[in-house]
$ cat run_21.cif   # mmCIF, C-alpha atoms and all ligand atoms
data_query
#
loop_
_atom_site.label_atom_id
_atom_site.label_comp_id
_atom_site.auth_asym_id
_atom_site.auth_seq_id
_atom_site.Cartn_x
_atom_site.Cartn_y
_atom_site.Cartn_z
CA MET A 1 -19.11 3.84 -1.61
CA LYS A 2 -16.02 1.93 -2.77
CA TRP A 3 -15.12 1.04 -6.40
CA ASN A 4 -15.23 -2.61 -7.32
CA SER A 5 -11.87 -2.75 -9.12
CA SER A 6 -10.24 -6.01 -10.12
CA LEU A 7 -7.25 -3.97 -11.41
CA LEU A 8 -6.52 -2.65 -7.92
CA ASP A 9 -7.44 -5.93 -6.21
CA HIS A 10 -5.00 -7.87 -8.42
CA LEU A 11 -2.20 -5.34 -8.26
CA GLN A 12 1.11 -7.18 -8.01
CA TRP A 13 4.79 -6.33 -8.10
CA SER A 14 5.67 -5.58 -11.73
CA ASP A 15 8.59 -7.99 -11.96
CA THR A 16 9.97 -11.18 -10.41
CA ILE A 17 11.07 -10.45 -6.84
CA ILE A 18 14.74 -11.46 -6.60
CA ASN A 19 15.83 -12.99 -3.22
CA ARG A 20 12.22 -13.09 -2.12
CA GLU A 21 12.83 -15.18 1.01
CA ALA A 22 15.45 -12.80 2.42
CA LYS A 23 13.23 -9.81 1.61
CA GLU A 24 10.34 -11.45 3.45
CA LYS A 25 12.51 -11.82 6.56
CA VAL A 26 13.63 -8.21 6.61
CA ALA A 27 10.04 -7.13 5.91
CA GLN A 28 9.03 -8.84 9.16
CA GLN A 29 11.83 -7.03 11.02
CA ILE A 30 10.55 -3.60 9.95
CA ALA A 31 6.92 -4.46 10.68
CA GLU A 32 7.94 -5.09 14.29
CA LYS A 33 9.12 -1.46 14.59
CA ILE A 34 5.79 0.27 13.95
CA ASN A 35 3.99 1.93 16.84
CA ASN A 36 0.45 3.21 17.15
CA GLY A 37 0.22 6.80 15.84
CA ASP A 38 3.38 6.67 13.68
CA VAL A 39 3.59 8.62 10.42
CA ILE A 40 6.07 6.61 8.36
CA GLY A 41 7.86 7.32 5.08
CA ALA A 42 7.86 4.32 2.74
CA GLY A 43 10.52 4.35 -0.01
CA SER A 44 10.16 2.22 -3.10
CA GLY A 45 11.09 -1.15 -4.57
CA SER A 46 10.14 -4.77 -4.01
CA THR A 47 11.48 -4.92 -0.43
CA VAL A 48 9.32 -1.95 0.58
CA TYR A 49 6.39 -3.56 -1.23
CA MET A 50 6.82 -6.76 0.80
CA ALA A 51 7.25 -4.80 4.03
CA LEU A 52 3.85 -3.17 3.43
CA TYR A 53 2.20 -6.59 3.53
CA ALA A 54 3.81 -7.36 6.88
CA ILE A 55 2.86 -3.91 8.22
CA ALA A 56 -0.73 -4.19 6.96
CA LYS A 57 -1.04 -7.52 8.82
CA ARG A 58 0.02 -5.89 12.10
CA ILE A 59 -2.32 -2.93 11.54
CA LYS A 60 -5.23 -5.29 10.97
CA GLU A 61 -4.47 -7.69 13.81
CA GLU A 62 -3.69 -4.99 16.41
CA GLY A 63 -5.97 -2.18 15.20
CA LEU A 64 -3.02 0.23 14.89
CA ALA A 65 -3.53 3.78 13.59
CA ILE A 66 -0.59 4.61 11.36
CA GLN A 67 -0.16 6.73 8.23
CA MET A 68 2.23 6.13 5.35
CA ILE A 69 3.91 8.65 3.05
CA PRO A 70 4.78 6.75 -0.14
CA ALA A 71 7.73 7.60 -2.39
CA SER A 72 6.19 6.21 -5.56
CA LEU A 73 2.91 5.60 -7.30
CA GLU A 74 3.21 1.80 -6.99
CA ILE A 75 3.88 2.00 -3.26
CA GLY A 76 0.99 4.45 -2.81
CA MET A 77 -1.35 2.14 -4.73
CA THR A 78 -0.20 -0.85 -2.68
CA CYS A 79 -0.96 1.06 0.53
CA GLU A 80 -4.44 1.91 -0.77
CA ASN A 81 -4.98 -1.69 -1.78
CA LEU A 82 -3.92 -3.00 1.65
CA GLY A 83 -5.99 -0.43 3.53
CA ILE A 84 -2.95 1.44 4.92
CA PRO A 85 -3.90 5.13 5.30
CA VAL A 86 -1.79 7.42 3.10
CA THR A 87 -0.73 11.00 3.67
CA SER A 88 1.80 13.32 2.00
CA LEU A 89 4.90 15.33 2.81
CA LEU A 90 2.95 18.51 2.15
CA THR A 91 1.04 18.05 5.40
CA ASP A 92 2.98 15.49 7.44
CA LYS A 93 6.56 14.87 8.54
CA PRO A 94 7.56 11.22 8.86
CA ILE A 95 8.77 10.21 12.30
CA TRP A 96 10.89 7.54 10.59
CA CYS A 97 11.22 5.99 7.15
CA PHE A 98 12.16 2.69 5.57
CA ASP A 99 13.48 1.94 2.13
CA GLY A 100 15.54 -0.50 0.08
CA ALA A 101 18.85 0.05 -1.70
CA ASP A 102 20.77 -1.31 -4.67
CA GLU A 103 24.18 -1.06 -2.99
CA VAL A 104 25.39 -0.37 0.56
CA ASP A 105 29.08 0.25 1.28
CA PRO A 106 30.90 -0.20 4.63
CA ASP A 107 30.21 3.50 5.55
CA ASN A 108 26.47 2.98 4.95
CA SER A 109 26.56 5.09 1.80
CA LEU A 110 24.08 3.93 -0.81
CA ILE A 111 23.22 3.68 -4.46
CA LYS A 112 19.46 3.79 -4.99
CA GLY A 113 17.12 4.47 -7.87
CA ARG A 114 16.92 1.25 -9.89
CA GLY A 115 13.13 1.74 -9.65
CA GLY A 116 13.35 5.37 -10.74
CA ALA A 117 11.95 6.90 -7.55
CA LEU A 118 15.23 8.29 -6.22
CA PHE A 119 14.14 11.93 -5.91
CA LYS A 120 11.12 11.28 -3.67
CA GLU A 121 13.09 8.63 -1.77
CA LYS A 122 15.76 11.22 -0.98
CA LEU A 123 13.13 13.79 -0.05
CA LEU A 124 11.68 11.31 2.46
CA ILE A 125 15.07 10.40 3.93
CA CYS A 126 15.87 14.10 4.37
CA SER A 127 12.47 14.76 5.96
CA GLY A 128 12.50 11.97 8.54
CA SER A 129 14.88 11.79 11.45
CA LYS A 130 15.95 8.21 10.75
CA THR A 131 15.65 5.72 7.91
CA TYR A 132 15.95 1.95 8.05
CA ILE A 133 17.44 0.51 4.87
CA LEU A 134 16.26 -3.04 4.24
CA VAL A 135 18.60 -5.21 2.21
CA ASP A 136 19.65 -8.76 1.61
CA GLU A 137 23.34 -9.65 1.62
CA SER A 138 23.64 -9.34 -2.17
CA LYS A 139 23.39 -5.53 -1.75
CA LEU A 140 26.50 -5.21 0.44
CA VAL A 141 29.53 -4.02 -1.53
CA LYS A 142 33.06 -2.92 -0.64
CA LYS A 143 32.84 0.01 -3.04
CA LEU A 144 29.86 1.91 -4.49
CA GLY A 145 29.47 1.29 -8.21
CA THR A 146 30.48 -2.37 -8.03
CA ASN A 147 27.23 -3.74 -9.46
CA PHE A 148 25.07 -0.74 -10.35
CA PRO A 149 25.49 2.55 -12.21
CA VAL A 150 24.47 5.77 -10.46
CA PRO A 151 21.00 6.90 -11.63
CA VAL A 152 20.73 10.63 -12.27
CA GLU A 153 17.31 12.24 -12.76
CA ILE A 154 17.43 15.17 -15.14
CA PHE A 155 15.13 17.73 -16.73
CA PRO A 156 14.64 16.34 -20.30
CA GLY A 157 15.70 19.57 -22.05
CA SER A 158 19.03 19.53 -20.22
CA LEU A 159 20.12 16.12 -21.58
CA THR A 160 23.06 17.23 -23.71
CA TYR A 161 24.27 19.91 -21.29
CA VAL A 162 24.17 17.51 -18.33
CA GLU A 163 25.95 14.83 -20.36
CA SER A 164 28.79 17.22 -21.18
CA ALA A 165 29.05 18.39 -17.54
CA LEU A 166 29.04 14.83 -16.20
CA ARG A 167 31.82 13.84 -18.59
CA LYS A 168 34.11 16.26 -16.72
CA LEU A 169 33.93 13.81 -13.79
CA ASN A 170 35.67 10.43 -14.23
CA VAL A 171 32.74 8.91 -16.14
CA THR A 172 33.25 5.62 -17.99
CA ASP A 173 29.73 5.21 -19.39
CA ILE A 174 26.45 7.15 -19.60
CA ALA A 175 23.18 5.63 -20.78
CA LEU A 176 19.74 7.18 -21.15
CA ARG A 177 17.43 4.68 -19.40
CA MET A 178 14.96 3.30 -21.93
CA ALA A 179 11.41 2.25 -21.10
CA LYS A 180 9.93 -1.22 -21.30
CA GLY A 181 6.28 -1.24 -22.41
CA LYS A 182 6.61 2.26 -23.87
CA ASP A 183 8.63 3.58 -26.81
CA GLY A 184 11.54 5.85 -25.99
CA PRO A 185 13.10 6.80 -22.66
CA ILE A 186 11.65 6.24 -19.21
CA ILE A 187 9.75 9.26 -17.94
CA THR A 188 9.87 9.49 -14.15
CA GLU A 189 6.87 10.34 -11.99
CA ASN A 190 8.21 13.90 -12.04
CA GLY A 191 8.23 14.02 -15.86
CA ASN A 192 12.01 13.70 -16.17
CA PHE A 193 14.65 11.46 -17.83
CA LEU A 194 17.01 9.09 -16.04
CA LEU A 195 20.66 8.67 -16.90
CA ASP A 196 22.59 5.64 -15.65
CA VAL A 197 26.16 6.72 -15.10
CA ARG A 198 29.25 4.63 -14.39
CA PHE A 199 32.33 6.23 -12.87
CA GLU A 200 35.91 4.97 -12.64
CA ASP A 201 35.72 5.84 -8.98
CA ILE A 202 32.85 7.36 -6.92
CA ARG A 203 34.40 10.03 -4.71
CA PRO A 204 32.82 11.36 -1.46
CA ASP A 205 31.95 14.76 -2.99
CA TYR A 206 30.23 13.29 -6.07
CA GLU A 207 26.70 13.50 -4.71
CA GLN A 208 27.11 17.27 -4.28
CA ARG A 209 29.03 17.75 -7.54
CA ILE A 210 26.40 15.92 -9.59
CA LYS A 211 23.56 17.78 -7.88
CA SER A 212 25.22 21.14 -8.62
CA ILE A 213 24.92 20.62 -12.40
CA THR A 214 22.02 22.71 -13.74
CA GLY A 215 19.35 20.36 -15.09
CA VAL A 216 20.05 17.62 -12.53
CA ILE A 217 17.11 17.01 -10.20
CA ASP A 218 19.03 14.54 -8.01
CA SER A 219 21.13 11.41 -8.11
CA GLY A 220 20.88 7.96 -6.61
CA LEU A 221 24.00 8.56 -4.51
CA PHE A 222 23.14 8.76 -0.80
CA ILE A 223 26.34 9.62 1.05
CA GLY A 224 26.38 10.34 4.78
CA TYR A 225 22.65 10.09 5.62
CA ASN A 226 21.26 8.98 8.97
CA VAL A 227 20.46 5.40 8.04
CA GLU A 228 20.45 2.11 9.87
CA ILE A 229 20.99 -0.93 7.70
CA LEU A 230 18.86 -4.01 8.39
CA VAL A 231 20.34 -7.02 6.63
CA ALA A 232 18.19 -10.11 6.13
CA LYS A 233 20.00 -13.08 7.58
C1 LIG B 1 13.97 2.26 -6.14
C2 LIG B 1 15.03 1.93 -5.15
C3 LIG B 1 14.90 0.62 -4.44
O1 LIG B 1 14.85 0.85 -3.06
C4 LIG B 1 16.09 -0.24 -4.79
O2 LIG B 1 16.15 -0.37 -6.20
C5 LIG B 1 15.97 -1.63 -4.15
O3 LIG B 1 14.91 -2.33 -4.77
P1 LIG B 1 14.46 -3.78 -4.35
O4 LIG B 1 13.94 -3.69 -2.95
O5 LIG B 1 13.41 -4.14 -5.36
O6 LIG B 1 15.65 -4.70 -4.43
O7 LIG B 1 15.94 2.67 -4.91
O8 LIG B 1 14.17 3.50 -6.76
#
$ encode --input "run_21.cif" --output "structure tokens"
Amino acid sequence: MKWNSSLLDHLQWSDTIINREAKEKVAQQIAEKINNGDVIGAGSGSTVYMALYAIAKRIKEEGLAIQMIPASLEIGMTCENLGIPVTSLLTDKPIWCFDGADEVDPDNSLIKGRGGALFKEKLLICSGSKTYILVDESKLVKKLGTNFPVPVEIFPGSLTYVESALRKLNVTDIALRMAKGKDGPIITENGNFLLDVRFEDIRPDYEQRIKSITGVIDSGLFIGYNVEILVAK
């Protein structure tokens, strides 16, 4: 027996979707790539959310059997709501993944994590053999850090230590991300804090250097991953 839940039925994206038309186009492009039997990793963000609608339509119309591994609670709930079967990384390996990004540079390096799901997004990208990154043209930058800080997920008790270690890199600003709709800082799905860090210059070894600081879970820098960028025209 199914619940009769108006909360789940009326689940919507939590904010205004910026560049909605372009995101709709790229959502269609990714929906065309699904094949019967695929286990797919779905990242997070409004572009992924819109892609799920396009994918759910194909599943329904063509009776496809696919399974999705979601990177966040909101993407998992959207899958459930749309009737897309969900599985997890504990039991399944994605054959391919798709995700959004906040910035993409000419080498296909990325900044991600505006939505706070960077750790599971990275776990998915590492687990699959290929990831499609869905963006509109506003996400393309000449240099990482042009429009967005680098999110860094940290164990809460390590806040001051991590801050002091990060300041040894060429940091220009560090902010503890504060919640909206809750007092105090944002708590990620993993129970951690998020720092938003601006650097004078993001160097190629920064992903590794940030990750090597004790207390850091991961950062939103994605440098040198096997990604293909799909840009909405
Ligand atoms: C969430 C992310 C998103 O993929 C990124 O913020 C892009 O979001 P949107 O598709 O809403 O523009 O990294 O942690």
$ residues_near_point --input "run_21.cif" --point "(5.4, 1.8, -1.9)" --cutoff "12 Å" --atoms "all atoms listed in the file" --output "ChimeraX atom specification"
/A:12-13,40-53,55,68-82,84,86,97-100,115,117,120-121
$ axis_aligned_box --input "run_21.cif" --around "ligand LIG 1 (chain B)" --padding-each-side "4 Å" --output "JSON"
{"center_x": 14.8, "center_y": -0.6, "center_z": -4.9, "size_x": 10.7, "size_y": 16.2, "size_z": 11.8}
$ residues_around --input "run_21.cif" --residues "A:Cys126" --least-positions-apart "3" --cutoff "10 Å" --atoms "only C-alpha atoms" --output "VMD selection string"
chain A and resid 94 97 120 to 123 129 to 131 225 to 226
$ atom_distance --input "run_21.cif" --atom1 "atom CA of A:Arg203" --atom2 "atom CA of A:Leu144"
9.3 Å
$ residues_around --input "run_21.cif" --residues "stretch 34-37 of chain A" --least-positions-apart "5" --cutoff "10 Å" --atoms "only C-alpha atoms" --output "list in words"
Gln29, Ile55, Arg58, Ile59, Glu62, Gly63, Leu64, Ala65, Ile66, Gln67, Ile95 and Trp96 of chain A
$ closest_residue --input "run_21.cif" --among "A:Leu169, A:Ile17, A:Leu159, A:Leu110" --to "A:Pro185" --atoms "all atoms listed in the file"
A:Leu159
$ atom_distance --input "run_21.cif" --atom1 "atom CA of A:Leu118" --atom2 "atom CA of A:Gly145"
16.0 Å
$ closest_residue --input "run_21.cif" --among "A:Asp102, A:Glu153, A:Glu189, A:Glu32" --to "ligand LIG 1 (chain B)" --atoms "only C-alpha atoms and all ligand atoms"
A:Asp102
$ closest_residue --input "run_21.cif" --among "A:Val26, A:Val197, A:Leu7, A:Val141" --to "A:Glu103" --atoms "all atoms listed in the file"
A:Val141
$ atom_distance --input "run_21.cif" --atom1 "atom CA of A:Ser219" --atom2 "atom CA of A:Asn190"
13.7 Å
$ decode --input "run_21.cif" --residues "stretch 47-84 of chain A" --atoms "N, CA, C and O atoms" --output "JSON list (two decimals), in the first residue's frame"
[["chain", "number", "residue", "atom", "x", "y", "z"],
["A", 47, "THR", "N", 19.65, 21.48, -12.34],
["A", 47, "THR", "CA", 19.76, 20.89, -13.68],
["A", 47, "THR", "C", 19.50, 19.39, -13.61],
["A", 47, "THR", "O", 18.80, 18.83, -14.45],
["A", 48, "VAL", "N", 20.07, 18.75, -12.59],
["A", 48, "VAL", "CA", 19.84, 17.31, -12.39],
["A", 48, "VAL", "C", 18.35, 17.07, -12.12],
["A", 48, "VAL", "O", 17.74, 16.14, -12.67],
["A", 49, "TYR", "N", 17.79, 17.93, -11.29],
["A", 49, "TYR", "CA", 16.35, 17.82, -10.96],
["A", 49, "TYR", "C", 15.52, 17.86, -12.25],
["A", 49, "TYR", "O", 14.63, 17.03, -12.45],
["A", 50, "MET", "N", 15.84, 18.79, -13.15],
["A", 50, "MET", "CA", 15.06, 18.89, -14.39],
["A", 50, "MET", "C", 15.31, 17.70, -15.30],
["A", 50, "MET", "O", 14.40, 17.21, -15.98],
["A", 51, "ALA", "N", 16.55, 17.21, -15.29],
["A", 51, "ALA", "CA", 16.88, 16.03, -16.11],
["A", 51, "ALA", "C", 16.05, 14.82, -15.67],
["A", 51, "ALA", "O", 15.63, 14.00, -16.50],
["A", 52, "LEU", "N", 15.79, 14.72, -14.37],
["A", 52, "LEU", "CA", 15.01, 13.57, -13.87],
["A", 52, "LEU", "C", 13.61, 13.55, -14.46],
["A", 52, "LEU", "O", 13.06, 12.48, -14.75],
["A", 53, "TYR", "N", 13.03, 14.74, -14.66],
["A", 53, "TYR", "CA", 11.70, 14.80, -15.28],
["A", 53, "TYR", "C", 11.74, 14.27, -16.70],
["A", 53, "TYR", "O", 10.87, 13.50, -17.13],
["A", 54, "ALA", "N", 12.78, 14.66, -17.45],
["A", 54, "ALA", "CA", 12.91, 14.20, -18.83],
["A", 54, "ALA", "C", 13.17, 12.69, -18.88],
["A", 54, "ALA", "O", 12.63, 11.97, -19.72],
["A", 55, "ILE", "N", 13.96, 12.21, -17.94],
["A", 55, "ILE", "CA", 14.27, 10.77, -17.88],
["A", 55, "ILE", "C", 13.02, 9.97, -17.49],
["A", 55, "ILE", "O", 12.72, 8.93, -18.08],
["A", 56, "ALA", "N", 12.29, 10.48, -16.50],
["A", 56, "ALA", "CA", 11.07, 9.78, -16.04],
["A", 56, "ALA", "C", 10.07, 9.66, -17.19],
["A", 56, "ALA", "O", 9.38, 8.64, -17.32],
["A", 57, "LYS", "N", 10.02, 10.67, -18.05],
["A", 57, "LYS", "CA", 9.09, 10.65, -19.19],
["A", 57, "LYS", "C", 9.47, 9.51, -20.14],
["A", 57, "LYS", "O", 8.62, 8.74, -20.57],
["A", 58, "ARG", "N", 10.78, 9.39, -20.41],
["A", 58, "ARG", "CA", 11.23, 8.30, -21.30],
["A", 58, "ARG", "C", 10.95, 6.92, -20.68],
["A", 58, "ARG", "O", 10.53, 5.99, -21.35],
["A", 59, "ILE", "N", 11.22, 6.81, -19.37],
["A", 59, "ILE", "CA", 10.99, 5.53, -18.68],
["A", 59, "ILE", "C", 9.54, 5.12, -18.83],
["A", 59, "ILE", "O", 9.22, 3.97, -19.16],
["A", 60, "LYS", "N", 8.65, 6.09, -18.63],
["A", 60, "LYS", "CA", 7.21, 5.82, -18.66],
["A", 60, "LYS", "C", 6.77, 5.47, -20.09],
["A", 60, "LYS", "O", 6.09, 4.46, -20.32],
["A", 61, "GLU", "N", 7.19, 6.28, -21.03],
["A", 61, "GLU", "CA", 6.73, 6.09, -22.42],
["A", 61, "GLU", "C", 7.27, 4.80, -23.04],
["A", 61, "GLU", "O", 6.62, 4.16, -23.84],
["A", 62, "GLU", "N", 8.55, 4.46, -22.67],
["A", 62, "GLU", "CA", 9.19, 3.31, -23.34],
["A", 62, "GLU", "C", 9.30, 2.09, -22.45],
["A", 62, "GLU", "O", 9.89, 1.08, -22.85],
["A", 63, "GLY", "N", 8.80, 2.18, -21.22],
["A", 63, "GLY", "CA", 8.86, 1.04, -20.29],
["A", 63, "GLY", "C", 10.28, 0.61, -19.98],
["A", 63, "GLY", "O", 10.56, -0.59, -19.86],
["A", 64, "LEU", "N", 11.20, 1.58, -19.83],
["A", 64, "LEU", "CA", 12.61, 1.25, -19.59],
["A", 64, "LEU", "C", 12.83, 0.84, -18.13],
["A", 64, "LEU", "O", 12.20, 1.41, -17.23],
["A", 65, "ALA", "N", 13.75, -0.11, -17.93],
["A", 65, "ALA", "CA", 14.12, -0.50, -16.56],
["A", 65, "ALA", "C", 15.47, 0.13, -16.26],
["A", 65, "ALA", "O", 16.50, -0.35, -16.76],
["A", 66, "ILE", "N", 15.47, 1.21, -15.51],
["A", 66, "ILE", "CA", 16.75, 1.79, -15.10],
["A", 66, "ILE", "C", 16.72, 2.01, -13.59],
["A", 66, "ILE", "O", 15.66, 2.04, -12.97],
["A", 67, "GLN", "N", 17.92, 2.19, -13.02],
["A", 67, "GLN", "CA", 18.00, 2.48, -11.58],
["A", 67, "GLN", "C", 18.89, 3.70, -11.39],
["A", 67, "GLN", "O", 19.89, 3.87, -12.12],
["A", 68, "MET", "N", 18.56, 4.53, -10.42],
["A", 68, "MET", "CA", 19.29, 5.77, -10.19],
["A", 68, "MET", "C", 19.97, 5.73, -8.82],
["A", 68, "MET", "O", 19.36, 5.28, -7.85],
["A", 69, "ILE", "N", 21.21, 6.21, -8.76],
["A", 69, "ILE", "CA", 21.88, 6.38, -7.46],
["A", 69, "ILE", "C", 21.97, 7.89, -7.21],
["A", 69, "ILE", "O", 22.73, 8.58, -7.88],
["A", 70, "PRO", "N", 21.17, 8.41, -6.28],
["A", 70, "PRO", "CA", 21.14, 9.87, -6.09],
["A", 70, "PRO", "C", 22.25, 10.36, -5.16],
["A", 70, "PRO", "O", 22.61, 9.69, -4.21],
["A", 71, "ALA", "N", 22.73, 11.59, -5.44],
["A", 71, "ALA", "CA", 23.79, 12.17, -4.61],
["A", 71, "ALA", "C", 23.25, 12.99, -3.46],
["A", 71, "ALA", "O", 24.02, 13.44, -2.61],
["A", 72, "SER", "N", 21.95, 13.23, -3.44],
["A", 72, "SER", "CA", 21.41, 14.05, -2.34],
["A", 72, "SER", "C", 19.99, 13.61, -2.01],
["A", 72, "SER", "O", 19.33, 12.94, -2.81],
["A", 73, "LEU", "N", 19.56, 14.04, -0.84],
["A", 73, "LEU", "CA", 18.23, 13.71, -0.36],
["A", 73, "LEU", "C", 17.16, 14.24, -1.32],
["A", 73, "LEU", "O", 16.20, 13.54, -1.67],
["A", 74, "GLU", "N", 17.35, 15.50, -1.80],
["A", 74, "GLU", "CA", 16.30, 16.08, -2.66],
["A", 74, "GLU", "C", 16.23, 15.36, -4.00],
["A", 74, "GLU", "O", 15.14, 15.18, -4.55],
["A", 75, "ILE", "N", 17.36, 14.89, -4.49],
["A", 75, "ILE", "CA", 17.35, 14.17, -5.76],
["A", 75, "ILE", "C", 16.75, 12.77, -5.54],
["A", 75, "ILE", "O", 15.98, 12.27, -6.36],
["A", 76, "GLY", "N", 17.07, 12.15, -4.41],
["A", 76, "GLY", "CA", 16.47, 10.85, -4.09],
["A", 76, "GLY", "C", 14.96, 10.95, -3.95],
["A", 76, "GLY", "O", 14.21, 10.11, -4.47],
["A", 77, "MET", "N", 14.50, 12.01, -3.28],
["A", 77, "MET", "CA", 13.05, 12.18, -3.09],
["A", 77, "MET", "C", 12.36, 12.46, -4.43],
["A", 77, "MET", "O", 11.25, 12.00, -4.69],
["A", 78, "THR", "N", 13.04, 13.21, -5.30],
["A", 78, "THR", "CA", 12.45, 13.49, -6.62],
["A", 78, "THR", "C", 12.33, 12.20, -7.42],
["A", 78, "THR", "O", 11.32, 11.97, -8.09],
["A", 79, "CYS", "N", 13.35, 11.35, -7.34],
["A", 79, "CYS", "CA", 13.27, 10.05, -8.03],
["A", 79, "CYS", "C", 12.07, 9.26, -7.53],
["A", 79, "CYS", "O", 11.27, 8.74, -8.31],
["A", 80, "GLU", "N", 11.94, 9.18, -6.20],
["A", 80, "GLU", "CA", 10.82, 8.43, -5.61],
["A", 80, "GLU", "C", 9.49, 8.99, -6.11],
["A", 80, "GLU", "O", 8.59, 8.26, -6.49],
["A", 81, "ASN", "N", 9.42, 10.32, -6.11],
["A", 81, "ASN", "CA", 8.20, 10.99, -6.51],
["A", 81, "ASN", "C", 7.84, 10.72, -7.97],
["A", 81, "ASN", "O", 6.66, 10.62, -8.33],
["A", 82, "LEU", "N", 8.88, 10.62, -8.81],
["A", 82, "LEU", "CA", 8.64, 10.41, -10.25],
["A", 82, "LEU", "C", 8.56, 8.93, -10.62],
["A", 82, "LEU", "O", 8.41, 8.58, -11.79],
["A", 83, "GLY", "N", 8.72, 8.07, -9.63],
["A", 83, "GLY", "CA", 8.65, 6.63, -9.90],
["A", 83, "GLY", "C", 9.92, 6.08, -10.54],
["A", 83, "GLY", "O", 9.89, 5.03, -11.19],
["A", 84, "ILE", "N", 11.06, 6.78, -10.35],
["A", 84, "ILE", "CA", 12.33, 6.25, -10.88],
["A", 84, "ILE", "C", 12.95, 5.37, -9.78],
["A", 84, "ILE", "O", 13.23, 5.85, -8.67]]
